[in-house]
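As provided, coords31.cif (mmCIF, C-alpha atoms) reads as follows.
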data_coords
#
loop_
_atom_site.group_PDB
_atom_site.id
_atom_site.type_symbol
_atom_site.label_atom_id
_atom_site.label_comp_id
_atom_site.auth_asym_id
_atom_site.auth_seq_id
_atom_site.Cartn_x
_atom_site.Cartn_y
_atom_site.Cartn_z
ATOM 1 C CA MET A 12 0.000 0.000 0.000
ATOM 2 C CA MET A 13 1.232 3.501 -0.752
ATOM 3 C CA GLN A 14 2.550 5.828 1.931
ATOM 4 C CA GLY A 15 0.043 8.465 0.964
ATOM 5 C CA VAL A 16 -2.899 6.374 2.082
ATOM 6 C CA LEU A 17 -4.666 8.375 4.780
ATOM 7 C CA ALA A 18 -6.440 5.537 6.531
ATOM 8 C CA VAL A 19 -7.643 2.022 6.299
ATOM 9 C CA VAL A 20 -11.339 2.660 5.896
ATOM 10 C CA ILE A 21 -14.223 0.313 5.410
ATOM 11 C CA VAL A 22 -17.770 1.621 5.213
ATOM 12 C CA VAL A 23 -20.424 -0.924 6.020
ATOM 13 C CA SER A 24 -24.154 -0.822 6.549
ATOM 14 C CA THR A 25 -23.878 -2.537 9.909
ATOM 15 C CA ILE A 26 -20.715 -2.750 12.005
ATOM 16 C CA PHE A 27 -19.387 -4.483 15.041
ATOM 17 C CA ALA A 28 -21.105 -7.754 14.074
ATOM 18 C CA GLN A 29 -20.756 -10.735 16.347
ATOM 19 C CA GLN A 30 -17.023 -11.386 16.890
ATOM 20 C CA ARG A 31 -17.131 -14.832 18.427
ATOM 21 C CA ALA A 32 -19.103 -17.666 16.901
ATOM 22 C CA GLY A 33 -21.921 -18.923 19.036
ATOM 23 C CA LYS A 34 -21.979 -15.922 21.362
ATOM 24 C CA LYS A 35 -25.388 -14.282 21.645
ATOM 25 C CA ASN A 36 -25.374 -10.541 21.111
ATOM 26 C CA ASP A 37 -28.641 -8.805 21.955
ATOM 27 C CA ARG A 38 -27.335 -5.277 22.443
ATOM 28 C CA LYS A 39 -28.105 -2.406 20.101
ATOM 29 C CA GLU A 40 -25.559 -2.071 17.312
ATOM 30 C CA PRO A 41 -23.826 1.308 16.807
ATOM 31 C CA ALA A 42 -24.812 3.427 13.843
ATOM 32 C CA PRO A 43 -23.119 2.641 10.528
ATOM 33 C CA GLY A 44 -19.882 4.516 10.038
ATOM 34 C CA LYS A 45 -16.277 4.564 8.949
ATOM 35 C CA GLN A 46 -13.954 1.988 10.496
ATOM 36 C CA VAL A 47 -10.376 3.181 10.959
ATOM 37 C CA LEU A 48 -7.287 1.401 12.196
ATOM 38 C CA TRP A 49 -4.523 3.674 10.895
ATOM 39 C CA ILE A 50 -4.051 7.329 9.904
ATOM 40 C CA ASN A 51 -0.926 8.685 8.193
ATOM 41 C CA PRO A 52 1.169 10.289 10.967
ATOM 42 C CA GLY A 53 2.880 12.744 8.624
ATOM 43 C CA ASN A 54 6.514 13.700 9.268
ATOM 44 C CA VAL A 55 7.343 11.106 11.913
ATOM 45 C CA ALA A 56 10.795 12.517 12.717
ATOM 46 C CA LYS A 57 9.187 15.794 13.822
ATOM 47 C CA LEU A 58 6.732 14.282 16.316
ATOM 48 C CA ASP A 59 7.139 15.207 19.979
ATOM 49 C CA PHE A 60 7.824 12.108 22.083
ATOM 50 C CA LYS A 61 8.215 14.157 25.264
ATOM 51 C CA TYR A 62 4.500 14.967 25.420
ATOM 52 C CA GLY A 63 3.051 12.518 22.908
ATOM 53 C CA VAL A 64 -0.247 12.818 21.069
ATOM 54 C CA GLY A 65 -1.695 15.301 23.573
ATOM 55 C CA GLY A 66 1.187 17.740 23.299
ATOM 56 C CA ALA A 67 2.364 20.063 26.053
ATOM 57 C CA GLN A 68 -0.903 21.992 26.022
ATOM 58 C CA ARG A 69 -3.061 19.036 27.109
ATOM 59 C CA GLN A 70 -0.965 17.685 29.969
ATOM 60 C CA PRO A 71 -2.753 17.366 33.329
ATOM 61 C CA ARG A 72 -2.928 20.607 35.332
ATOM 62 C CA PRO A 73 -3.065 20.513 39.140
ATOM 63 C CA PRO A 74 -4.763 20.710 41.490
ATOM 64 C CA PHE A 75 -6.352 17.285 41.021
ATOM 65 C CA ARG A 76 -9.654 16.410 42.674
ATOM 66 C CA PHE A 77 -10.701 12.840 43.418
ATOM 67 C CA ILE A 78 -13.809 11.505 41.635
ATOM 68 C CA LYS A 79 -13.811 7.781 42.408
ATOM 69 C CA GLU A 80 -11.674 4.686 42.522
ATOM 70 C CA ASP A 81 -11.481 2.719 39.278
ATOM 71 C CA LEU A 82 -11.730 -0.980 40.160
ATOM 72 C CA SER A 83 -11.450 -2.315 36.617
ATOM 73 C CA GLY A 84 -8.514 -4.591 35.906
ATOM 74 C CA THR A 85 -6.032 -5.545 38.599
ATOM 75 C CA THR A 86 -3.876 -2.417 38.921
ATOM 76 C CA PRO A 87 -4.612 0.421 41.412
ATOM 77 C CA LYS A 88 -6.396 3.261 39.598
ATOM 78 C CA VAL A 89 -8.531 6.307 40.413
ATOM 79 C CA LYS A 90 -10.362 8.900 38.354
ATOM 80 C CA VAL A 91 -9.613 12.576 38.965
ATOM 81 C CA ILE A 92 -10.532 15.941 37.496
ATOM 82 C CA ASP A 93 -7.876 18.599 36.954
ATOM 83 C CA SER A 94 -7.990 22.398 37.272
ATOM 84 C CA ARG A 95 -9.450 22.775 33.750
ATOM 85 C CA GLY A 96 -12.255 20.287 34.365
ATOM 86 C CA VAL A 97 -10.575 17.508 32.361
ATOM 87 C CA THR A 98 -11.028 13.924 33.592
ATOM 88 C CA TRP A 99 -8.058 11.565 33.907
ATOM 89 C CA ASP A 100 -7.615 7.913 34.790
ATOM 90 C CA VAL A 101 -4.616 7.666 37.129
ATOM 91 C CA LYS A 102 -2.742 4.369 37.229
ATOM 92 C CA TRP A 103 0.110 3.138 39.425
ATOM 93 C CA GLY A 104 2.332 0.106 39.450
ATOM 94 C CA PRO A 105 4.832 -1.376 36.999
ATOM 95 C CA GLU A 106 2.567 -0.795 33.971
ATOM 96 C CA ALA A 107 2.540 3.008 34.327
ATOM 97 C CA ARG A 108 5.919 3.636 32.690
ATOM 98 C CA PRO A 109 5.740 1.270 29.674
ATOM 99 C CA SER A 110 2.184 2.332 28.878
ATOM 100 C CA THR A 111 3.270 5.969 28.675
ATOM 101 C CA PHE A 112 6.048 5.167 26.215
ATOM 102 C CA CYS A 113 4.256 2.609 24.045
ATOM 103 C CA THR A 114 1.328 4.924 23.342
ATOM 104 C CA ARG A 115 3.851 7.398 21.914
ATOM 105 C CA LEU A 116 5.402 4.702 19.739
ATOM 106 C CA ALA A 117 2.010 3.560 18.419
ATOM 107 C CA TRP A 118 0.895 7.147 17.742
ATOM 108 C CA ALA A 119 4.103 7.924 15.821
ATOM 109 C CA CYS A 120 3.396 4.950 13.545
ATOM 110 C CA GLY A 121 -0.169 6.099 12.790
ATOM 111 C CA TYR A 122 -2.222 4.166 15.355
ATOM 112 C CA PHE A 123 -4.778 5.685 17.696
ATOM 113 C CA ALA A 124 -3.707 6.266 21.300
ATOM 114 C CA SER A 125 -5.246 8.271 24.121
ATOM 115 C CA PRO A 126 -3.003 11.049 25.510
ATOM 116 C CA GLU A 127 -0.923 9.748 28.409
ATOM 117 C CA TYR A 128 1.486 11.500 30.751
ATOM 118 C CA PHE A 129 3.733 10.199 33.530
ATOM 119 C CA ILE A 130 3.745 12.371 36.646
ATOM 120 C CA SER A 131 6.488 11.623 39.160
ATOM 121 C CA ALA A 132 4.845 13.429 42.095
ATOM 122 C CA GLY A 133 1.629 15.325 42.844
ATOM 123 C CA GLN A 134 -1.381 15.583 45.092
ATOM 124 C CA ILE A 135 -5.003 14.463 44.780
ATOM 125 C CA GLU A 136 -7.516 16.341 46.905
ATOM 126 C CA ASP A 137 -10.313 14.639 48.867
ATOM 127 C CA ALA A 138 -9.285 11.059 48.097
ATOM 128 C CA HIS A 139 -11.431 8.775 50.273
ATOM 129 C CA GLY A 140 -12.865 5.267 50.548
ATOM 130 C CA LEU A 141 -9.853 3.750 48.794
ATOM 131 C CA THR A 142 -9.242 0.012 48.597
ATOM 132 C CA ARG A 143 -6.600 -1.033 46.045
ATOM 133 C CA ALA A 144 -5.215 2.516 45.721
ATOM 134 C CA SER A 145 -4.955 3.058 49.471
ATOM 135 C CA ASP A 146 -1.193 2.520 49.453
ATOM 136 C CA ARG A 147 -0.688 4.804 46.443
ATOM 137 C CA ILE A 148 -2.250 7.989 47.821
ATOM 138 C CA SER A 149 -1.038 9.262 51.194
ATOM 139 C CA HIS A 150 -3.291 10.746 53.870
ATOM 140 C CA ASP A 151 -2.398 14.239 52.634
ATOM 141 C CA GLY A 152 -3.281 13.229 49.047
ATOM 142 C CA SER A 153 0.280 13.057 47.800
ATOM 143 C CA PHE A 154 1.295 10.412 45.252
ATOM 144 C CA LYS A 155 4.311 9.343 43.233
ATOM 145 C CA ASN A 156 4.948 7.784 39.814
ATOM 146 C CA ALA A 157 1.518 7.709 38.175
ATOM 147 C CA ARG A 158 0.320 7.499 34.604
ATOM 148 C CA PHE A 159 -2.466 9.938 33.699
ATOM 149 C CA GLN A 160 -4.633 8.827 30.752
ATOM 150 C CA LEU A 161 -7.177 11.226 29.255
ATOM 151 C CA ARG A 162 -10.872 10.429 29.535
ATOM 152 C CA SER A 163 -12.919 12.198 26.877
ATOM 153 C CA ASP A 164 -16.288 12.068 25.124
ATOM 154 C CA SER A 165 -14.631 12.817 21.793
ATOM 155 C CA PRO A 166 -13.455 10.317 20.886
ATOM 156 C CA LYS A 167 -15.611 8.283 23.254
ATOM 157 C CA PHE A 168 -14.555 4.833 24.388
ATOM 158 C CA LEU A 169 -17.192 2.223 23.546
ATOM 159 C CA ASN A 170 -17.295 -0.172 26.489
ATOM 160 C CA ASP A 171 -19.159 -2.943 24.676
ATOM 161 C CA SER A 172 -17.509 -2.739 21.257
ATOM 162 C CA LYS A 173 -14.567 -5.097 21.291
ATOM 163 C CA TRP A 174 -12.640 -6.590 18.408
ATOM 164 C CA THR A 175 -10.115 -9.409 18.224
ATOM 165 C CA TRP A 176 -6.793 -10.064 16.532
ATOM 166 C CA GLU A 177 -8.345 -12.846 14.487
ATOM 167 C CA ALA A 178 -11.740 -11.252 13.667
ATOM 168 C CA ASN A 179 -11.794 -7.620 12.526
ATOM 169 C CA PRO A 180 -12.417 -5.547 9.381
ATOM 170 C CA PHE A 181 -8.701 -5.164 8.565
ATOM 171 C CA SER A 182 -7.588 -8.767 8.177
ATOM 172 C CA GLY A 183 -4.670 -9.163 5.803
ATOM 173 C CA SER A 184 -3.856 -5.454 5.578
ATOM 174 C CA HIS A 185 -0.379 -4.017 6.100
ATOM 175 C CA GLU A 186 -1.906 -1.740 8.718
ATOM 176 C CA LEU A 187 -3.093 -4.596 10.917
ATOM 177 C CA GLN A 188 0.171 -6.477 10.431
ATOM 178 C CA GLY A 189 2.072 -3.337 11.363
ATOM 179 C CA LEU A 190 0.181 -3.092 14.651
ATOM 180 C CA LYS A 191 1.064 -6.713 15.361
ATOM 181 C CA ILE A 192 4.742 -5.978 14.706
ATOM 182 C CA LEU A 193 4.655 -3.042 17.135
ATOM 183 C CA THR A 194 3.089 -5.304 19.728
ATOM 184 C CA ILE A 195 5.953 -7.754 19.249
ATOM 185 C CA ILE A 196 8.747 -5.158 19.182
ATOM 186 C CA VAL A 197 7.820 -3.947 22.687
ATOM 187 C CA SER A 198 7.548 -7.560 23.956
ATOM 188 C CA ASN A 199 3.862 -7.284 24.830
ATOM 189 C CA ALA A 200 3.346 -10.539 26.711
ATOM 190 C CA ASP A 201 -0.299 -9.731 27.497
ATOM 191 C CA ALA A 202 -1.677 -8.981 24.038
ATOM 192 C CA LYS A 203 -5.028 -10.572 24.832
ATOM 193 C CA ASN A 204 -8.188 -9.595 22.963
ATOM 194 C CA ALA A 205 -9.528 -7.882 26.090
ATOM 195 C CA ASN A 206 -6.811 -5.248 25.593
ATOM 196 C CA LEU A 207 -8.280 -4.219 22.236
ATOM 197 C CA GLY A 208 -11.042 -1.628 22.030
ATOM 198 C CA THR A 209 -12.891 0.910 19.922
ATOM 199 C CA PHE A 210 -13.496 4.643 20.169
ATOM 200 C CA MET A 211 -16.071 6.755 18.355
ATOM 201 C CA ASP A 212 -16.013 10.335 17.139
ATOM 202 C CA GLU A 213 -17.484 12.131 14.125
ATOM 203 C CA GLU A 214 -16.076 13.025 10.751
ATOM 204 C CA ARG A 215 -18.141 15.469 8.707
ATOM 205 C CA GLY A 216 -21.222 14.609 10.762
ATOM 206 C CA SER A 217 -20.950 10.827 10.421
ATOM 207 C CA PRO A 218 -19.696 8.318 13.005
ATOM 208 C CA ARG A 219 -16.084 7.232 12.810
ATOM 209 C CA TYR A 220 -14.876 4.179 14.732
ATOM 210 C CA LEU A 221 -11.241 4.027 15.795
ATOM 211 C CA TYR A 222 -9.812 0.577 16.516
ATOM 212 C CA ALA A 223 -6.897 0.469 18.952
ATOM 213 C CA VAL A 224 -4.782 -1.380 21.481
ATOM 214 C CA ILE A 225 -6.083 0.091 24.741
ATOM 215 C CA ASP A 226 -3.583 -1.391 27.204
ATOM 216 C CA TRP A 227 0.165 -1.308 26.524
ATOM 217 C CA GLY A 228 1.165 -1.843 30.152
ATOM 218 C CA TYR A 229 2.616 -5.366 30.037
ATOM 219 C CA THR A 230 5.565 -4.421 27.846
ATOM 220 C CA LEU A 231 9.258 -3.469 27.669
ATOM 221 C CA GLY A 232 10.394 -6.467 29.674
ATOM 222 C CA LYS A 233 10.885 -10.161 29.058
ATOM 223 C CA TRP A 234 8.495 -11.869 26.673
ATOM 224 C CA GLY A 235 7.022 -15.235 27.621
ATOM 225 C CA ASN A 236 4.035 -16.620 29.480
ATOM 226 C CA SER A 237 2.788 -14.894 32.628
ATOM 227 C CA LEU A 238 5.172 -16.834 34.891
ATOM 228 C CA LYS A 239 8.288 -15.994 32.887
ATOM 229 C CA SER A 240 7.565 -12.514 31.505
ATOM 230 C CA SER A 241 8.361 -9.164 33.097
ATOM 231 C CA ILE A 242 7.424 -5.478 32.761
ATOM 232 C CA TRP A 243 9.713 -2.441 32.287
ATOM 233 C CA ASP A 244 12.814 -4.571 32.726
ATOM 234 C CA CYS A 245 15.463 -3.379 30.302
ATOM 235 C CA GLU A 246 18.072 -5.912 31.334
ATOM 236 C CA ALA A 247 15.707 -8.730 30.316
ATOM 237 C CA PHE A 248 14.488 -6.760 27.278
ATOM 238 C CA ALA A 249 18.068 -6.268 26.083
ATOM 239 C CA ASP A 250 18.952 -9.901 26.747
ATOM 240 C CA GLN A 251 16.219 -11.051 24.353
ATOM 241 C CA THR A 252 16.910 -8.435 21.676
ATOM 242 C CA PRO A 253 19.448 -10.567 19.719
ATOM 243 C CA LYS A 254 16.689 -13.196 19.417
ATOM 244 C CA PHE A 255 14.032 -10.692 18.309
ATOM 245 C CA ILE A 256 14.050 -11.929 14.698
ATOM 246 C CA LYS A 257 15.219 -15.446 13.914
ATOM 247 C CA GLY A 258 15.019 -15.130 10.147
ATOM 248 C CA VAL A 259 12.639 -15.651 7.223
ATOM 249 C CA LYS A 260 11.069 -18.980 6.323
ATOM 250 C CA ASP A 261 8.451 -19.766 3.676
ATOM 251 C CA GLY A 262 7.989 -16.047 3.115
ATOM 252 C CA ARG A 263 7.170 -15.393 6.770
ATOM 253 C CA VAL A 264 9.275 -13.466 9.280
ATOM 254 C CA ARG A 265 10.138 -15.683 12.250
ATOM 255 C CA PHE A 266 10.248 -13.902 15.605
ATOM 256 C CA GLY A 267 11.671 -15.129 18.888
ATOM 257 C CA PHE A 268 8.654 -13.639 20.672
ATOM 258 C CA SER A 269 6.318 -15.681 22.854
ATOM 259 C CA GLY A 270 3.288 -14.634 24.904
ATOM 260 C CA LYS A 271 -0.501 -14.447 24.818
ATOM 261 C CA ARG A 272 -2.015 -14.602 21.294
ATOM 262 C CA GLU A 273 1.456 -15.510 20.030
ATOM 263 C CA SER A 274 0.232 -17.312 16.909
ATOM 264 C CA ASP A 275 -2.307 -14.583 16.060
ATOM 265 C CA LEU A 276 0.430 -11.964 16.276
ATOM 266 C CA ALA A 277 3.542 -13.577 14.890
ATOM 267 C CA ASP A 278 2.678 -16.398 12.503
ATOM 268 C CA ASP A 279 1.714 -14.487 9.365
ATOM 269 C CA ILE A 280 4.038 -11.451 9.142
ATOM 270 C CA THR A 281 5.736 -11.039 5.750
ATOM 271 C CA ALA A 282 8.695 -8.947 4.649
ATOM 272 C CA PRO A 283 6.347 -6.574 2.715
ATOM 273 C CA ASP A 284 4.413 -6.029 5.976
ATOM 274 C CA VAL A 285 7.658 -5.073 7.689
ATOM 275 C CA LYS A 286 8.646 -2.826 4.781
ATOM 276 C CA TRP A 287 5.314 -0.998 5.013
ATOM 277 C CA LEU A 288 5.702 -0.345 8.744
ATOM 278 C CA MET A 289 9.316 0.784 8.336
ATOM 279 C CA GLN A 290 8.084 3.778 6.328
ATOM 280 C CA TYR A 291 7.048 5.156 9.730
ATOM 281 C CA LEU A 292 8.814 3.159 12.457
ATOM 282 C CA GLY A 293 12.102 3.472 10.588
ATOM 283 C CA LYS A 294 11.944 7.273 10.683
ATOM 284 C CA ILE A 295 11.775 7.471 14.494
ATOM 285 C CA THR A 296 15.083 8.838 15.817
ATOM 286 C CA ASP A 297 17.097 7.842 18.868
ATOM 287 C CA ALA A 298 16.446 11.319 20.260
ATOM 288 C CA GLN A 299 12.680 10.742 20.043
ATOM 289 C CA ILE A 300 12.961 7.335 21.724
ATOM 290 C CA ARG A 301 15.099 8.908 24.460
ATOM 291 C CA ASP A 302 12.584 11.723 24.995
ATOM 292 C CA GLY A 303 9.736 9.218 25.255
ATOM 293 C CA ILE A 304 11.561 6.928 27.676
ATOM 294 C CA VAL A 305 12.598 9.841 29.905
ATOM 295 C CA ALA A 306 9.039 11.213 29.841
ATOM 296 C CA SER A 307 7.898 7.777 31.064
ATOM 297 C CA GLY A 308 9.941 8.042 34.252
ATOM 298 C CA ALA A 309 13.121 6.163 33.320
ATOM 299 C CA ASN A 310 16.411 6.783 35.066
ATOM 300 C CA ALA A 311 19.616 7.414 33.077
ATOM 301 C CA SER A 312 20.756 3.796 32.803
ATOM 302 C CA GLU A 313 17.263 2.551 31.856
ATOM 303 C CA THR A 314 17.010 5.258 29.227
ATOM 304 C CA GLU A 315 20.192 4.365 27.384
ATOM 305 C CA CYS A 316 19.469 0.647 27.691
ATOM 306 C CA PHE A 317 16.016 0.999 26.121
ATOM 307 C CA VAL A 318 17.287 3.325 23.393
ATOM 308 C CA ARG A 319 19.984 0.818 22.364
ATOM 309 C CA SER A 320 17.673 -2.194 22.450
ATOM 310 C CA LEU A 321 14.781 -0.563 20.616
ATOM 311 C CA ARG A 322 17.167 0.724 17.945
ATOM 312 C CA ASP A 323 18.636 -2.768 17.572
ATOM 313 C CA ARG A 324 15.160 -4.273 17.088
ATOM 314 C CA ILE A 325 14.221 -1.586 14.573
ATOM 315 C CA GLU A 326 17.407 -2.268 12.599
ATOM 316 C CA GLN A 327 16.656 -5.994 12.574
ATOM 317 C CA LEU A 328 13.314 -5.138 11.009
ATOM 318 C CA ARG A 329 15.070 -2.881 8.515
ATOM 319 C CA SER A 330 17.349 -5.734 7.508
ATOM 320 C CA VAL A 331 14.320 -7.932 6.804
ATOM 321 C CA SER A 332 12.553 -5.190 4.842
ATOM 322 C CA GLU A 333 15.567 -4.463 2.664
ATOM 323 C CA SER A 334 16.912 -7.996 2.167
ATOM 324 C CA PRO A 335 14.324 -10.647 3.053
ATOM 325 C CA GLN A 336 16.323 -13.737 2.089
ATOM 326 C CA GLU A 337 15.225 -17.080 3.455
ATOM 327 C CA GLY A 338 17.171 -18.336 6.438
ATOM 328 C CA HIS A 339 18.750 -16.793 9.510
ATOM 329 C CA LEU A 340 19.712 -13.155 9.664
ATOM 330 C CA LYS A 341 23.391 -12.309 9.446
#
Structure re-expressed in structure tokens:
Amino acid sequence: MMQGVLAVVIVVSTIFAQQRAGKKNDRKEPAPGKQVLWINPGNVAKLDFKYGVGGAQRQPRPPFRFIKEDLSGTTPKVKVIDSRGVTWDVKWGPEARPSTFCTRLAWACGYFASPEYFISAGQIEDAHGLTRASDRISHDGSFKNARFQLRSDSPKFLNDSKWTWEANPFSGSHELQGLKILTIIVSNADAKNANLGTFMDEERGSPRYLYAVIDWGYTLGKWGNSLKSSIWDCEAFADQTPKFIKGVKDGRVRFGFSGKRESDLADDITAPDVKWLMQYLGKITDAQIRDGIVASGANASETECFVRSLRDRIEQLRSVSESPQEGHLK
């Protein structure tokens, strides 16, 4: 597909049809609209990895006021409102840092991501009735090392509109394969279907549905099953980097990656898929990666480790895209 393509778009009379065979679906279907997985990011090398898709102007502004505790998932989270009346989902734990960086990486390659910011220290007013977040917010409301993710009605997250890696409107496209490659490059060991979601906004008065990975937290560590994987662990990430790509066999790129949905992600990637993604991923600079890692709360040694390892993985992909001979990589 050509670089100038603005989006993968499919217009259908009814959308979000039943995703899993045999599962009854009696809810009301959303209005017909445009289905979008990817939008041309423009001049990738000029994108700001320090602030990401939201830019400096949209970053959270204190003071923050407590709304409620968010008990979804397993990680401590609360919802707050900032001084401009903007709502944020605040998340702690090991997933806060990698999520902040990976959303920047996905955005730079043309995929939808909600604005995220890592805040090393702050205060949340009137926090009360906490359970899982009780050890993350002190009695005076102070907190450390939190990821703030924007909550907005435009685009609006659709709670009951899921999609899956194996069943979606973009099957076989370079754009879907590119998203799979990004998921592999950051060692996402928890790429389950539950971490995929859809947002809705309007384009010229008609609904537009944005398909996205909605949870990038279990990344930038060691790939593997849940007992062997890790999160935000650059020593393990770097140790696996030489095994990132094994080679090319039967026209398919062979990755060393393992984790949830491994076969759905890694079994059908071709060299042309890699070449398509490298039009965007390949233009990201070390300086941008460094800015994004630092903005995600990394210390100096973590920063340089992640920059080296991510660059190594990108160059392995470049080698495949430019010279996809069968066999092991040199």
Exercise. Expand the PyMOL selection byres ((chain A and resi 75) around 6) into the individual residues it matches in the shown file, reporting them as a list in words.
Key: Pro73, Pro74, Arg76, Ile92, Asp93 and Ile135 of chain A
Practice problem: Starting from the displayed file, determine the output of the PyMOL selection byres ((chain A and resi 245-250) around 10) and express the residue list as number ranges by chain. | Solution: A: 197-198, 230-234, 240-244, 251-255, 312-321, 323-324
Quiz item: What is the CA of Ser83 in chain A-CA of Lys191 in chain A distance in Å, reported with one decimal?
Solution: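 Atom-to-atom, CA of Ser83 in chain A to CA of Lys191 in chain A, that is 25.1 Å.
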Quiz item: From the set A:Asp284, A:Glu127, A:Glu136, A:Asp164, which residue has the shortest atom-to-atom contact distance to Ile78 in chain A, counting only C-alpha atoms?
Solution: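 Looking only at the distances to Ile78 in chain A, the closest residue turns out to be A:Glu136.
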Self-check item: Pick from A:Ala298, A:Leu276, A:Leu161, A:Ile225, whichever lies nearest to Ser110 in chain A using only C-alpha atoms
Solution: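 When distances to Ser110 in chain A are compared using only C-alpha atoms, the smallest one comes from A:Ile225.
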Exercise. Run the PyMOL selection byres ((chain A and resi 100) around 12) mentally over the shown coordinates, then write out the matched residues as a PyMOL selection string, using the chain letters and numbers from the document.
Key: chain A and resi 71+75-83+86-93+97-99+101-103+107+125-129+157-163
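With distances taken over all atoms listed in the file, A:Ala223 is the one residue among A:Cys120, A:Ala223, A:Ile195, A:Val64 lying closest to Phe168 in chain A.
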Self-check item: Closest of A:Ser269, A:Gln290, A:Gln299, A:Ser153 to Ser131 in chain A - atom-to-atom distances counting only C-alpha atoms
Solution: A:Ser153
Exercise. Can you work out the spacing between CA of Arg263 in chain A and CA of Glu186 in chain A in Å, to one decimal?
Key: 16.5 Å
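Minimum distance to Thr194 in chain A across A:Asp261, A:Leu116, A:Lys155, A:Leu169 (counting only C-alpha atoms) occurs at A:Leu116.
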Practice problem: Write out as a list in words the residues lying within 12 Å of Pro218 in chain A, counting all atoms listed in the file and excluding same-chain residues fewer than 2 positions away. | Solution: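 Contacts, in chain order: Val22, Val23, Ile26, Pro41, Ala42, Pro43, Gly44, Lys45, Gln46, Val47, Ser165, Pro166, Lys167, Phe210, Met211, Asp212, Glu213, Glu214, Arg215, Gly216, Tyr220 and Leu221 of chain A.
For the atom pair formed by CA of Glu326 in chain A and CA of Pro109 in chain A, the distance is 21.0 Å, given to one decimal.
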Quiz item: Near Phe181 in chain A, within 8 Å and counting all atoms listed in the file, which residues show up once chain neighbours fewer than 3 positions away are dropped, as a PyMOL selection string?
Solution: chain A and resi 19+48+184+186-187
Practice problem: Show which residues sit within 7 Å of Ala119 in chain A, as a list in words. Count all atoms listed in the file, and ignore same-chain residues fewer than 2 positions away. | Solution: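 Here the answer would be Pro52, Val55, Leu58, Arg115, Leu116, Ala117 and Gly121 of chain A.
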Output the selection as a PDB file, in the coordinates of the input - C-alpha atoms for each residue.
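Below you can see part_19.pdb, which holds the result:
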ATOM      1  CA  PRO A  52       1.169  10.289  10.967  1.00  0.00           C
ATOM      2  CA  VAL A  55       7.343  11.106  11.913  1.00  0.00           C
ATOM      3  CA  LEU A  58       6.732  14.282  16.316  1.00  0.00           C
ATOM      4  CA  ARG A 115       3.851   7.398  21.914  1.00  0.00           C
ATOM      5  CA  LEU A 116       5.402   4.702  19.739  1.00  0.00           C
ATOM      6  CA  ALA A 117       2.010   3.560  18.419  1.00  0.00           C
ATOM      7  CA  GLY A 121      -0.169   6.099  12.790  1.00  0.00           C
TER       8      GLY A 121
END
Quiz item: If you count all atoms listed in the file, which residues fall within 12 Å of Asp151 in chain A, apart from same-chain ones fewer than 5 positions away, as a list in words?
Solution: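 Selected residues are Gly133, Gln134, Ile135, Glu136, Asp137, Ala138, His139 and Ser145 of chain A.
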Quiz item: Can you list, as number ranges by chain, every protein, DNA or RNA residue that comes within 10 Å of Met289 in chain A when you count all atoms listed in the file, leaving out same-chain residues fewer than 2 positions away?
Solution: A: 120, 189, 283-287, 291-295, 325-326, 328-329, 332-333
Output for the residues just chosen: C-alpha atoms as a PDB file, in the coordinates of the input:
ATOM      1  CA  CYS A 120       3.396   4.950  13.545  1.00  0.00           C
ATOM      2  CA  GLY A 189       2.072  -3.337  11.363  1.00  0.00           C
ATOM      3  CA  PRO A 283       6.347  -6.574   2.715  1.00  0.00           C
ATOM      4  CA  ASP A 284       4.413  -6.029   5.976  1.00  0.00           C
ATOM      5  CA  VAL A 285       7.658  -5.073   7.689  1.00  0.00           C
ATOM      6  CA  LYS A 286       8.646  -2.826   4.781  1.00  0.00           C
ATOM      7  CA  TRP A 287       5.314  -0.998   5.013  1.00  0.00           C
ATOM      8  CA  TYR A 291       7.048   5.156   9.730  1.00  0.00           C
ATOM      9  CA  LEU A 292       8.814   3.159  12.457  1.00  0.00           C
ATOM     10  CA  GLY A 293      12.102   3.472  10.588  1.00  0.00           C
ATOM     11  CA  LYS A 294      11.944   7.273  10.683  1.00  0.00           C
ATOM     12  CA  ILE A 295      11.775   7.471  14.494  1.00  0.00           C
ATOM     13  CA  ILE A 325      14.221  -1.586  14.573  1.00  0.00           C
ATOM     14  CA  GLU A 326      17.407  -2.268  12.599  1.00  0.00           C
ATOM     15  CA  LEU A 328      13.314  -5.138  11.009  1.00  0.00           C
ATOM     16  CA  ARG A 329      15.070  -2.881   8.515  1.00  0.00           C
ATOM     17  CA  SER A 332      12.553  -5.190   4.842  1.00  0.00           C
ATOM     18  CA  GLU A 333      15.567  -4.463   2.664  1.00  0.00           C
TER      19      GLU A 333
END
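Counting only C-alpha atoms, the residue from A:Arg108, A:Arg143, A:Lys57, A:Lys173 that sits nearest to Gly84 in chain A is A:Arg143.
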Reconstruct N, CA and C atoms of range 294-298 of chain A; output as a CSV table (one decimal), in the coordinates of the input.
chain,number,residue,atom,x,y,z
A,294,LYS,N,11.6,5.8,10.7
A,294,LYS,CA,11.9,7.3,10.7
A,294,LYS,C,12.0,7.8,12.1
A,295,ILE,N,11.7,7.0,13.1
A,295,ILE,CA,11.8,7.5,14.5
A,295,ILE,C,13.2,7.5,14.9
A,296,THR,N,13.7,8.6,15.5
A,296,THR,CA,15.1,8.8,15.8
A,296,THR,C,15.4,8.4,17.2
A,297,ASP,N,16.7,8.2,17.5
A,297,ASP,CA,17.1,7.8,18.9
A,297,ASP,C,16.7,8.9,19.8
A,298,ALA,N,16.8,10.2,19.4
A,298,ALA,CA,16.4,11.3,20.3
A,298,ALA,C,15.0,11.3,20.7
